[in-house]
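Here's input_5.txt, which has compact mmCIF, C-alpha atoms:
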```txt
# COMPACT_ATOMS: atom_id res chain seq x y z
CA MET A 1 20.69 6.92 -47.86
CA GLY A 2 17.41 6.93 -45.99
CA TYR A 3 15.73 3.97 -44.44
CA VAL A 4 13.98 1.59 -46.82
CA TYR A 5 11.47 -1.06 -45.86
CA PRO A 6 13.08 -4.47 -46.24
CA PHE A 7 10.13 -6.16 -47.89
CA LEU A 8 10.09 -3.64 -50.72
CA TRP A 9 13.70 -4.37 -51.49
CA GLU A 10 13.14 -8.08 -51.32
CA VAL A 11 10.38 -7.81 -53.89
CA TYR A 12 11.75 -5.21 -56.29
CA VAL A 13 15.51 -5.04 -55.96
CA ALA A 14 17.47 -8.24 -55.65
CA ASN A 15 21.16 -8.76 -54.99
CA ILE A 16 22.38 -5.48 -53.58
CA MET A 17 21.43 -5.06 -49.95
CA LEU A 18 21.72 -6.53 -46.55
CA TRP A 19 20.68 -5.20 -43.20
CA VAL A 20 22.80 -4.33 -40.22
CA ASN A 21 20.83 -3.53 -37.09
CA GLU A 22 17.90 -2.87 -39.46
CA ARG A 23 19.84 -0.30 -41.52
CA SER A 24 20.52 -1.05 -45.16
CA ARG A 25 24.10 -1.67 -46.33
CA PRO A 26 25.44 -2.47 -49.83
CA PHE A 27 26.07 -6.17 -50.31
CA SER A 28 28.96 -7.60 -52.29
CA GLU A 29 29.73 -11.22 -53.08
CA GLY A 30 31.98 -12.97 -50.57
CA MET A 31 31.35 -10.52 -47.73
CA ARG A 32 31.93 -11.88 -44.24
CA LEU A 33 30.27 -10.74 -41.06
CA ALA A 34 33.72 -9.65 -39.83
CA ASP A 35 33.74 -6.95 -42.55
CA LEU A 36 30.51 -5.48 -41.20
CA ILE A 37 31.72 -5.66 -37.63
CA ALA A 38 34.81 -3.66 -38.57
CA SER A 39 32.83 -0.99 -40.40
CA ASP A 40 29.71 -0.79 -38.21
CA LYS A 41 30.32 -1.96 -34.68
CA PRO A 42 33.81 -3.12 -33.68
CA GLU A 43 32.75 -3.63 -30.06
CA ALA A 44 30.04 -6.18 -30.96
CA ASP A 45 30.30 -9.45 -29.02
CA LEU A 46 27.00 -11.09 -29.96
CA LEU A 47 26.40 -11.76 -33.65
CA ILE A 48 23.06 -12.80 -35.08
CA VAL A 49 22.16 -13.44 -38.70
CA ASN A 50 18.55 -14.10 -39.67
CA GLY A 51 17.69 -14.87 -36.07
CA PHE A 52 20.54 -17.31 -35.34
CA PRO A 53 23.77 -16.74 -33.39
CA VAL A 54 26.81 -17.02 -35.69
CA THR A 55 30.56 -16.32 -35.71
CA ALA A 56 32.40 -13.43 -37.38
CA ALA A 57 33.68 -15.80 -40.06
CA THR A 58 30.18 -16.33 -41.45
CA VAL A 59 29.93 -15.64 -45.18
CA LEU A 60 26.93 -13.44 -45.88
CA VAL A 61 24.41 -13.73 -48.65
CA ASP A 62 22.22 -11.12 -50.23
CA GLY A 63 19.33 -9.91 -48.10
CA ASP A 64 20.71 -11.20 -44.79
CA HIS A 65 19.47 -9.47 -41.63
CA CYS A 66 22.43 -9.03 -39.29
CA TRP A 67 22.37 -7.87 -35.70
CA LEU A 68 25.65 -6.73 -34.19
CA ILE A 69 25.15 -6.45 -30.46
CA ARG A 70 27.28 -5.51 -27.53
CA ARG A 71 25.96 -7.47 -24.59
CA GLY A 72 24.23 -5.29 -22.01
CA GLU A 73 24.24 -2.19 -24.22
CA ILE A 74 20.96 -0.31 -24.60
CA PRO A 75 20.09 0.22 -28.27
CA SER A 76 19.86 3.86 -29.31
CA ILE A 77 16.49 5.50 -29.79
CA GLU A 78 17.20 5.38 -33.54
CA GLU A 79 17.92 1.65 -33.48
CA ILE A 80 14.71 0.87 -31.59
CA ASP A 81 12.85 3.14 -33.98
CA PHE A 82 14.25 1.28 -36.99
CA LEU A 83 13.40 -2.03 -35.37
CA LEU A 84 9.78 -1.09 -34.76
CA HIS A 85 9.56 0.44 -38.24
CA ALA A 86 10.74 -2.80 -39.75
CA ARG A 87 8.49 -5.04 -37.66
CA HIS A 88 5.28 -3.04 -38.15
CA THR A 89 3.48 -2.27 -41.36
CA PRO A 90 4.73 1.01 -42.91
CA GLY A 91 2.83 3.97 -41.48
CA VAL A 92 1.77 2.09 -38.37
CA HIS A 93 4.83 2.88 -36.30
CA GLU A 94 4.62 6.64 -36.83
CA ARG A 95 1.04 6.78 -35.61
CA VAL A 96 1.67 4.47 -32.67
CA LYS A 97 4.75 6.48 -31.69
CA MET A 98 2.78 9.74 -31.63
CA ALA A 99 -0.05 8.29 -29.53
CA SER A 100 -0.82 8.99 -25.89
CA VAL A 101 -2.75 6.34 -23.93
CA GLY A 102 -4.05 6.53 -20.36
CA ILE A 103 -4.46 3.41 -18.22
CA MET A 104 -6.60 3.63 -15.08
CA GLY A 105 -5.63 0.88 -12.68
CA ILE A 106 -2.50 -1.17 -13.32
CA GLY A 107 -3.38 -4.52 -11.77
CA GLY A 108 -4.00 -7.68 -13.77
CA LEU A 109 -5.57 -5.91 -16.73
CA GLY A 110 -3.70 -2.61 -16.67
CA SER A 111 -0.18 -3.96 -16.22
CA ALA A 112 -0.66 -6.36 -19.16
CA VAL A 113 -2.18 -3.62 -21.33
CA ALA A 114 0.77 -1.35 -20.50
CA VAL A 115 3.34 -4.03 -21.38
CA ALA A 116 1.65 -4.77 -24.72
CA LEU A 117 1.44 -1.08 -25.63
CA ALA A 118 5.04 -0.44 -24.57
CA ARG A 119 6.24 -3.33 -26.74
CA ILE A 120 4.57 -1.91 -29.85
CA GLY A 121 6.07 1.50 -29.09
CA VAL A 122 3.12 3.65 -28.00
CA GLY A 123 4.96 6.93 -27.43
CA ARG A 124 3.39 8.10 -24.19
CA LEU A 125 1.68 6.11 -21.45
CA LEU A 126 -0.06 7.69 -18.47
CA LEU A 127 -0.44 5.11 -15.67
CA ALA A 128 -2.67 5.60 -12.62
CA ASP A 129 -2.85 3.48 -9.47
CA PHE A 130 -2.63 4.03 -5.72
CA ASP A 131 -1.70 0.47 -4.67
CA LEU A 132 1.56 -1.11 -3.62
CA VAL A 133 2.82 -4.37 -5.13
CA GLU A 134 1.71 -7.26 -2.89
CA PRO A 135 2.57 -10.98 -3.02
CA THR A 136 -1.04 -11.84 -3.99
CA ASN A 137 -0.68 -9.74 -7.17
CA LEU A 138 1.93 -12.02 -8.68
CA ASN A 139 -0.51 -14.69 -9.93
CA ARG A 140 -1.58 -12.37 -12.73
CA GLN A 141 -0.04 -8.92 -12.58
CA HIS A 142 3.15 -7.90 -14.33
CA TYR A 143 5.28 -7.40 -11.22
CA PHE A 144 8.17 -9.29 -9.70
CA ILE A 145 9.17 -10.64 -6.30
CA ASP A 146 11.80 -7.95 -5.89
CA GLN A 147 9.17 -5.24 -6.47
CA ILE A 148 6.94 -6.23 -3.53
CA GLY A 149 6.23 -3.14 -1.46
CA MET A 150 6.92 -0.66 -4.28
CA ALA A 151 4.22 1.64 -5.61
CA LYS A 152 2.76 -0.15 -8.63
CA THR A 153 3.24 2.99 -10.71
CA ASP A 154 6.98 3.07 -9.95
CA ALA A 155 7.41 -0.68 -10.39
CA LEU A 156 5.66 -0.77 -13.76
CA ARG A 157 7.48 2.33 -14.98
CA ASP A 158 10.76 0.54 -14.23
CA THR A 159 9.62 -2.58 -16.08
CA LEU A 160 8.43 -0.67 -19.14
CA ALA A 161 11.73 1.20 -19.27
CA ARG A 162 13.45 -2.19 -19.51
CA ILE A 163 11.31 -2.97 -22.58
CA ASN A 164 11.81 0.40 -24.26
CA PRO A 165 13.77 3.12 -22.44
CA HIS A 166 12.74 5.75 -24.97
CA LEU A 167 9.01 5.82 -24.16
CA ILE A 168 7.51 8.63 -22.08
CA ILE A 169 5.90 7.05 -19.02
CA ASP A 170 4.01 9.41 -16.71
CA VAL A 171 2.41 8.18 -13.49
CA ILE A 172 -0.40 9.28 -11.21
CA ASN A 173 -0.06 7.81 -7.75
CA GLU A 174 -3.49 8.59 -6.32
CA ARG A 175 -7.00 7.19 -5.99
CA LEU A 176 -9.09 8.46 -8.92
CA ASN A 177 -12.62 9.83 -8.99
CA ALA A 178 -14.71 11.39 -11.77
CA ALA A 179 -13.14 14.85 -11.41
CA ALA A 180 -9.60 13.44 -11.32
CA ILE A 181 -10.27 11.33 -14.42
CA VAL A 182 -11.33 14.43 -16.37
CA ARG A 183 -8.38 16.43 -15.02
CA HIS A 184 -5.71 13.84 -15.76
CA PHE A 185 -6.93 12.15 -18.93
CA GLY A 186 -8.58 14.92 -20.93
CA GLU A 187 -5.70 15.02 -23.43
CA VAL A 188 -5.05 11.32 -24.13
CA ASP A 189 -5.97 9.71 -27.44
CA VAL A 190 -7.38 6.59 -25.81
CA LEU A 191 -8.27 5.84 -22.19
CA VAL A 192 -8.26 2.25 -20.89
CA GLU A 193 -10.28 1.39 -17.78
CA CYS A 194 -8.62 -1.42 -15.86
CA PHE A 195 -10.04 -0.87 -12.37
CA ASP A 196 -10.79 -3.76 -10.05
CA ASP A 197 -13.78 -2.13 -8.37
CA ALA A 198 -17.19 -2.30 -10.11
CA VAL A 199 -18.26 1.10 -8.72
CA MET A 200 -15.19 2.79 -10.22
CA LYS A 201 -15.69 0.96 -13.52
CA ALA A 202 -19.21 2.37 -13.81
CA GLU A 203 -18.10 5.82 -12.63
CA ALA A 204 -15.33 5.90 -15.24
CA LEU A 205 -17.61 4.95 -18.15
CA ARG A 206 -20.23 7.50 -17.01
CA THR A 207 -17.49 10.13 -16.91
CA ALA A 208 -16.17 9.18 -20.34
CA LEU A 209 -19.64 9.34 -21.90
CA THR A 210 -20.59 12.66 -20.30
CA ASP A 211 -17.45 14.70 -19.59
CA LEU A 212 -14.92 13.20 -22.04
CA LYS A 213 -17.17 12.88 -25.08
CA GLY A 214 -15.41 11.67 -28.20
CA ILE A 215 -12.47 10.13 -26.34
CA GLY A 216 -11.39 6.62 -27.30
CA TYR A 217 -12.33 4.42 -24.34
CA ILE A 218 -12.04 0.73 -23.54
CA GLY A 219 -13.47 -0.61 -20.29
CA ALA A 220 -13.65 -4.13 -18.90
CA SER A 221 -16.19 -6.18 -16.94
CA GLY A 222 -16.33 -9.90 -16.24
CA VAL A 223 -12.81 -11.31 -16.33
CA ALA A 224 -12.65 -13.62 -13.29
CA GLY A 225 -12.21 -17.38 -13.21
CA TYR A 226 -11.22 -19.77 -16.00
CA GLY A 227 -14.29 -19.76 -18.22
CA ASP A 228 -14.43 -20.41 -21.95
CA ASN A 229 -11.72 -18.48 -23.80
CA ASN A 230 -14.27 -17.16 -26.25
CA SER A 231 -16.57 -15.83 -23.53
CA ILE A 232 -14.32 -12.77 -23.46
CA ARG A 233 -15.62 -10.42 -26.12
CA THR A 234 -15.15 -6.82 -27.20
CA SER A 235 -18.46 -4.96 -27.54
CA ARG A 236 -19.03 -1.50 -28.98
CA ILE A 237 -20.98 0.79 -26.65
CA ALA A 238 -20.80 4.02 -28.62
CA ALA A 239 -18.50 5.60 -31.21
CA ARG A 240 -14.91 4.83 -30.09
CA VAL A 241 -16.19 3.32 -26.81
CA TYR A 242 -15.84 -0.41 -26.12
CA LEU A 243 -16.23 -2.91 -23.28
CA VAL A 244 -14.23 -6.13 -22.95
CA GLY A 245 -15.15 -9.18 -20.86
CA ASP A 246 -18.00 -11.66 -20.47
CA GLY A 247 -20.07 -9.06 -18.60
CA GLU A 248 -20.84 -11.48 -15.77
CA SER A 249 -17.89 -13.21 -14.14
CA ALA A 250 -17.24 -11.16 -11.02
CA ALA A 251 -14.23 -11.64 -8.82
CA ALA A 252 -15.65 -13.41 -5.75
CA PRO A 253 -14.79 -16.16 -3.29
CA GLY A 254 -14.53 -19.34 -5.37
CA GLN A 255 -13.92 -17.37 -8.57
CA GLY A 256 -10.56 -15.68 -8.41
CA LEU A 257 -8.74 -13.56 -10.94
CA MET A 258 -6.15 -15.59 -12.87
CA ALA A 259 -3.48 -14.63 -15.36
CA PRO A 260 -4.82 -16.48 -18.43
CA LEU A 261 -8.37 -15.09 -18.67
CA VAL A 262 -7.40 -11.64 -17.36
CA GLY A 263 -4.62 -11.70 -19.96
CA ILE A 264 -7.06 -12.51 -22.76
CA ALA A 265 -9.20 -9.54 -21.73
CA ALA A 266 -6.20 -7.23 -21.31
CA HIS A 267 -4.89 -8.06 -24.77
CA GLN A 268 -8.31 -7.52 -26.30
CA GLN A 269 -8.22 -4.09 -24.66
CA ALA A 270 -4.70 -3.41 -25.95
CA ASN A 271 -5.59 -4.51 -29.48
CA GLN A 272 -8.68 -2.31 -29.39
CA VAL A 273 -6.46 0.64 -28.42
CA LEU A 274 -4.38 -0.07 -31.50
CA ARG A 275 -7.46 -0.39 -33.69
CA ILE A 276 -8.75 2.98 -32.51
CA LEU A 277 -5.36 4.64 -33.00
CA LEU A 278 -4.94 3.26 -36.51
CA ALA A 279 -8.50 4.02 -37.59
CA GLU A 280 -7.54 7.69 -37.39
CA ALA A 281 -5.27 9.20 -40.00
CA MET B 1 -58.64 -3.96 -17.47
CA PRO B 2 -56.08 -3.65 -20.31
CA ASP B 3 -52.66 -2.19 -19.42
CA TYR B 4 -53.16 1.00 -21.42
CA LEU B 5 -56.14 1.99 -19.32
CA ASP B 6 -54.43 1.16 -16.05
CA GLU B 7 -52.90 4.33 -14.66
CA SER B 8 -51.13 2.34 -11.97
CA VAL B 9 -48.85 0.82 -14.63
CA MET B 10 -46.40 2.48 -17.02
CA LYS B 11 -44.58 0.84 -19.89
CA ILE B 12 -40.89 1.37 -20.48
CA VAL B 13 -38.27 -0.37 -22.63
CA CYS B 14 -35.20 -1.59 -20.77
CA ASN B 15 -32.28 -3.06 -22.78
CA GLY B 16 -34.71 -3.77 -25.61
CA GLU B 17 -37.32 -5.49 -23.45
CA GLU B 18 -40.67 -4.02 -22.48
CA ARG B 19 -41.33 -3.75 -18.75
CA THR B 20 -43.99 -2.21 -16.59
CA VAL B 21 -43.24 0.06 -13.67
CA ALA B 22 -45.37 2.05 -11.27
CA PRO B 23 -45.86 5.77 -12.01
CA GLY B 24 -43.61 7.89 -9.82
CA ASN B 25 -40.82 5.36 -9.97
CA LYS B 26 -37.34 6.75 -10.38
CA ILE B 27 -34.30 5.20 -12.04
CA VAL B 28 -33.03 4.02 -8.67
CA ASP B 29 -36.30 2.18 -7.97
CA LEU B 30 -36.05 0.24 -11.22
CA LEU B 31 -32.41 -0.68 -10.59
CA ARG B 32 -33.25 -1.97 -7.10
CA GLU B 33 -36.20 -3.94 -8.52
CA LEU B 34 -33.79 -5.53 -10.99
CA GLY B 35 -31.47 -6.44 -8.13
CA LEU B 36 -28.72 -4.09 -9.32
CA GLU B 37 -26.50 -1.94 -7.14
CA PRO B 38 -27.02 1.55 -8.66
CA ASP B 39 -23.39 2.59 -8.20
CA THR B 40 -22.25 -0.24 -10.50
CA VAL B 41 -24.64 0.59 -13.35
CA VAL B 42 -24.36 3.07 -16.22
CA VAL B 43 -27.78 4.31 -17.33
CA GLU B 44 -28.76 5.87 -20.62
CA CYS B 45 -32.33 7.19 -20.60
CA ASN B 46 -33.85 8.32 -23.92
CA GLY B 47 -30.37 8.70 -25.39
CA VAL B 48 -28.87 10.68 -22.51
CA VAL B 49 -26.27 9.19 -20.16
CA LEU B 50 -27.21 10.10 -16.60
CA LYS B 51 -24.94 11.16 -13.77
CA ARG B 52 -25.08 8.90 -10.71
CA GLU B 53 -26.84 11.56 -8.59
CA GLU B 54 -29.63 11.80 -11.17
CA TYR B 55 -30.65 8.18 -10.53
CA ASP B 56 -32.30 9.25 -7.29
CA THR B 57 -34.37 12.06 -8.85
CA HIS B 58 -34.97 11.12 -12.50
CA LEU B 59 -38.60 9.99 -12.93
CA LEU B 60 -39.41 7.23 -15.36
CA THR B 61 -42.12 8.24 -17.82
CA GLU B 62 -44.38 6.28 -20.14
CA GLY B 63 -42.35 4.99 -23.09
CA SER B 64 -38.93 5.74 -21.55
CA VAL B 65 -36.20 3.83 -23.36
CA LEU B 66 -33.38 2.72 -21.07
CA GLU B 67 -30.03 1.12 -21.74
CA LEU B 68 -28.33 -0.28 -18.65
CA ILE B 69 -24.72 -1.44 -18.45
CA ARG B 70 -23.92 -3.28 -15.25
CA PHE B 71 -20.36 -3.76 -14.11
CA VAL B 72 -18.88 -6.60 -12.08
CA GLY B 73 -15.64 -6.37 -10.09
CA GLY B 74 -12.25 -7.76 -11.04
CA GLY B 75 -9.33 -6.46 -13.01
```
What is this file in C-alpha cells?
Amino acid sequence: MGYVYPFLWEVYVANIMLWVNERSRPFSEGMRLADLIASDKPEADLLIVNGFPVTAATVLVDGDHCWLIRRGEIPSIEEIDFLLHARHTPGVHERVKMASVGIMGIGGLGSAVAVALARIGVGRLLLADFDLVEPTNLNRQHYFIDQIGMAKTDALRDTLARINPHLIIDVINERLNAAAIVRHFGEVDVLVECFDDAVMKAEALRTALTDLKGIGYIGASGVAGYGDNNSIRTSRIAARVYLVGDGESAAAPGQGLMAPLVGIAAHQQANQVLRILLAEA
Amino acid sequence: MPDYLDESVMKIVCNGEERTVAPGNKIVDLLRELGLEPDTVVVECNGVVLKREEYDTHLLTEGSVLELIRFVGGG
C-alpha cells in the first residue's frame, strides 16, 4: 500500500492504522511494540512512541506514531523522504525536493540559510565561498571548533550531510565576480546573496537584475549589531527579487555582527526562498 | 528667477524625492554628492538598471527618475 498522509487518516478513518518510521501499518487491539520490532526492525535499540522513549513491552493504541531506531544508523533516503513528507504540507515536499538554490557567501547569513534549507530538504544546494573557517567566525557562523582551518565550503558540506546525507551539495571554492555569478548560478531556481562586502552585494544585485533576469533572488543589507528585532524586514525590489535587513546597520568597529540578528535576517532569507519556490507550481 | 527658467539647474526624481542637479552631471556625480560610494549602490535610471561602468558616463537629464539601493557591509 502506498504512503498516506497521517492527518487524512486521523480525520476520516479511525481505528485501523499506526505508523512505523512514518509508514502505515495495520493496527490490531492489544498490539505491543515488540510485535512491530519483530516484523519491521529487529535490530532496533531505541524505541520512541509519539515522541517519547518507551520499552518493547509498551501496548500500542490506534494512531500511534512509532519510531524504531538503531542507534548511529543513517536513515534510508526513503525514510527521510517519508519523514519530510509527513512533516510538511502535502505537495510542499515534492517541490522543495526538486529545487536548486545557490548561496553566495557562507558566513553568518549563508551558513544559517544553508542549514535551514537543508533541514527542509531542498534537493540541491550550490554553496560559494573562498574563505577558511577562523576562530572569529564562531560567534555567528555555523561552524565548529574542530573545523577551524578548513575551507568553509568543505566544512559546511560536511555539516549539511550530517543533517541530510541525501541532499546534493555542490561547492564553488573561489572569489566570485559578476561573470562568475552568471556562469555558476544561471540554472538555479533561487539565488541568495549572503556576502559580507557591500561592493559585492551591490555587484550581485546589479548582475541579477541585468544578466539573470527573472531569477529568484534574495539579498541582504544591514544586519550588524543588536538592534530592534523588527528592524529586520524583507522588501520586494522587483518581481521575485527581495532584500532583507534594516538597510542601514553596517558592520563597523563598535557594531559587530552577532548570531541573533544575523540569524533573524538569514531565516527571513531562507523563508523567502521557500515562499518563492512554493509560489510556483 | 524661477527654477524652470534657470538652465544651470535640472530637476530629477531620486527615490521619490525631487532634487536639482547641474546640467552635465553624471550618475557618479550625484552619488558622490549624496555621500555614497558608487560601488556599493545599485542604480535604476528611467526603469533601466545600469552597469557599474555606466555610472561614470551616463548623463542625468531633466526629469530623470532614479531609484538607488545602497548596500552596507556585513553578512
Give as a CSV table (one decimal) with C-alpha atoms, in the coordinates of the input every residue of chain A that touches chain B within 9 Å, counting all atoms listed in the file.
```csv
chain,number,residue,atom,x,y,z
A,105,GLY,CA,-5.6,0.9,-12.7
A,106,ILE,CA,-2.5,-1.2,-13.3
A,107,GLY,CA,-3.4,-4.5,-11.8
A,108,GLY,CA,-4.0,-7.7,-13.8
A,109,LEU,CA,-5.6,-5.9,-16.7
A,110,GLY,CA,-3.7,-2.6,-16.7
A,194,CYS,CA,-8.6,-1.4,-15.9
A,195,PHE,CA,-10.0,-0.9,-12.4
A,196,ASP,CA,-10.8,-3.8,-10.0
A,197,ASP,CA,-13.8,-2.1,-8.4
A,198,ALA,CA,-17.2,-2.3,-10.1
A,199,VAL,CA,-18.3,1.1,-8.7
A,200,MET,CA,-15.2,2.8,-10.2
A,201,LYS,CA,-15.7,1.0,-13.5
A,202,ALA,CA,-19.2,2.4,-13.8
A,203,GLU,CA,-18.1,5.8,-12.6
A,205,LEU,CA,-17.6,5.0,-18.2
A,206,ARG,CA,-20.2,7.5,-17.0
A,207,THR,CA,-17.5,10.1,-16.9
A,209,LEU,CA,-19.6,9.3,-21.9
A,210,THR,CA,-20.6,12.7,-20.3
A,220,ALA,CA,-13.6,-4.1,-18.9
A,221,SER,CA,-16.2,-6.2,-16.9
A,222,GLY,CA,-16.3,-9.9,-16.2
A,223,VAL,CA,-12.8,-11.3,-16.3
A,224,ALA,CA,-12.6,-13.6,-13.3
A,247,GLY,CA,-20.1,-9.1,-18.6
A,248,GLU,CA,-20.8,-11.5,-15.8
A,249,SER,CA,-17.9,-13.2,-14.1
A,250,ALA,CA,-17.2,-11.2,-11.0
A,251,ALA,CA,-14.2,-11.6,-8.8
A,252,ALA,CA,-15.6,-13.4,-5.8
A,256,GLY,CA,-10.6,-15.7,-8.4
A,257,LEU,CA,-8.7,-13.6,-10.9
A,262,VAL,CA,-7.4,-11.6,-17.4
A,266,ALA,CA,-6.2,-7.2,-21.3
```
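Straight-line separation from CA of Leu138 (chain A) to CA of Val101 (chain A): 24.3 Å.
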Discussion item. Please determine, counting only C-alpha atoms, which residue among B:Leu66, B:Cys14, B:Val9, B:Val28 has the shortest atom-to-atom distance to Glu54 (chain B).
Written reply: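 Using only C-alpha atoms, the shortest distance to Glu54 (chain B) belongs to B:Val28.
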Worksheet entry | Within 9 Å of Gly219 (chain A) using all atoms listed in the file, minus same-chain residues under 3 positions, as an MDAnalysis selection string | chainID A and resid 191:195 201 204:205 241:245 269
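Put simply, CA of Arg95 (chain A) is 8.5 Å away from CA of Val122 (chain A).
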Worksheet entry | Polymer residues at most 10 Å from Gly102 (chain A), all atoms listed in the file, same-chain spacing of 4 or more positions, as a list in words |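 Non-adjacent residues within range: Gly110, Ala114, Arg124, Leu125, Leu126, Leu127, Ala128, Asp170, Val171, Ile181, His184, Phe185, Gly186, Glu187, Val188, Asp189, Val190, Leu191, Val192, Glu193 and Tyr217 of chain A.
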Practice prompt. Might you pull out every residue within 8 Å of Thr55 (chain A), with all atoms listed in the file counted and same-chain residues fewer than 3 positions away left off, and present them as a ChimeraX atom specification?
Written response: /A:33,47,58
Practice prompt. Report the distance between CA of Val21 (chain B) and CA of Ser235 (chain A) in Å, rounded to one decimal place.
Written response: 28.8 Å
Discussion item. Applying 8 Å and only C-alpha atoms, which residues near region 76-83 of chain A remain after dropping the ones on its own chain fewer than 6 positions away? List them as a PyMOL selection string.
Written reply: chain A and resi 21-23+164+166
Enclose region 114-129 of chain A, meaning all of its atoms listed in the file, in a box aligned along x, y and z, pad it by 5 Å on each side, and list the centre and edge lengths in Å to one decimal, as JSON.
```
{"center_x": 1.7, "center_y": 1.7, "center_z": -19.7, "size_x": 19.1, "size_y": 22.9, "size_z": 30.4}
```
Within 9 Å of region 143-146 of chain A, counting all atoms listed in the file, which residues show up once you throw out same-chain ones fewer than 3 positions away? Write them as a PDB file with C-alpha atoms, in the frame of the given file, please.
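out_31.pdb was written with the following content:
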```pdb
ATOM      1  CA  SER A 111      -0.180  -3.960 -16.220  1.00  0.00           C
ATOM      2  CA  VAL A 133       2.820  -4.370  -5.130  1.00  0.00           C
ATOM      3  CA  GLU A 134       1.710  -7.260  -2.890  1.00  0.00           C
ATOM      4  CA  PRO A 135       2.570 -10.980  -3.020  1.00  0.00           C
ATOM      5  CA  ASN A 137      -0.680  -9.740  -7.170  1.00  0.00           C
ATOM      6  CA  LEU A 138       1.930 -12.020  -8.680  1.00  0.00           C
ATOM      7  CA  ARG A 140      -1.580 -12.370 -12.730  1.00  0.00           C
ATOM      8  CA  GLY A 149       6.230  -3.140  -1.460  1.00  0.00           C
ATOM      9  CA  MET A 150       6.920  -0.660  -4.280  1.00  0.00           C
ATOM     10  CA  LYS A 152       2.760  -0.150  -8.630  1.00  0.00           C
ATOM     11  CA  ALA A 155       7.410  -0.680 -10.390  1.00  0.00           C
ATOM     12  CA  LEU A 156       5.660  -0.770 -13.760  1.00  0.00           C
ATOM     13  CA  THR A 159       9.620  -2.580 -16.080  1.00  0.00           C
TER      14      THR A 159
END
```
Worksheet item: Which residue out of A:Gly227, A:Pro90, A:Pro42, A:Gly216 has the minimum interatomic distance to Ala239 (chain A) when all atoms listed in the file are used?
Response: A:Gly216
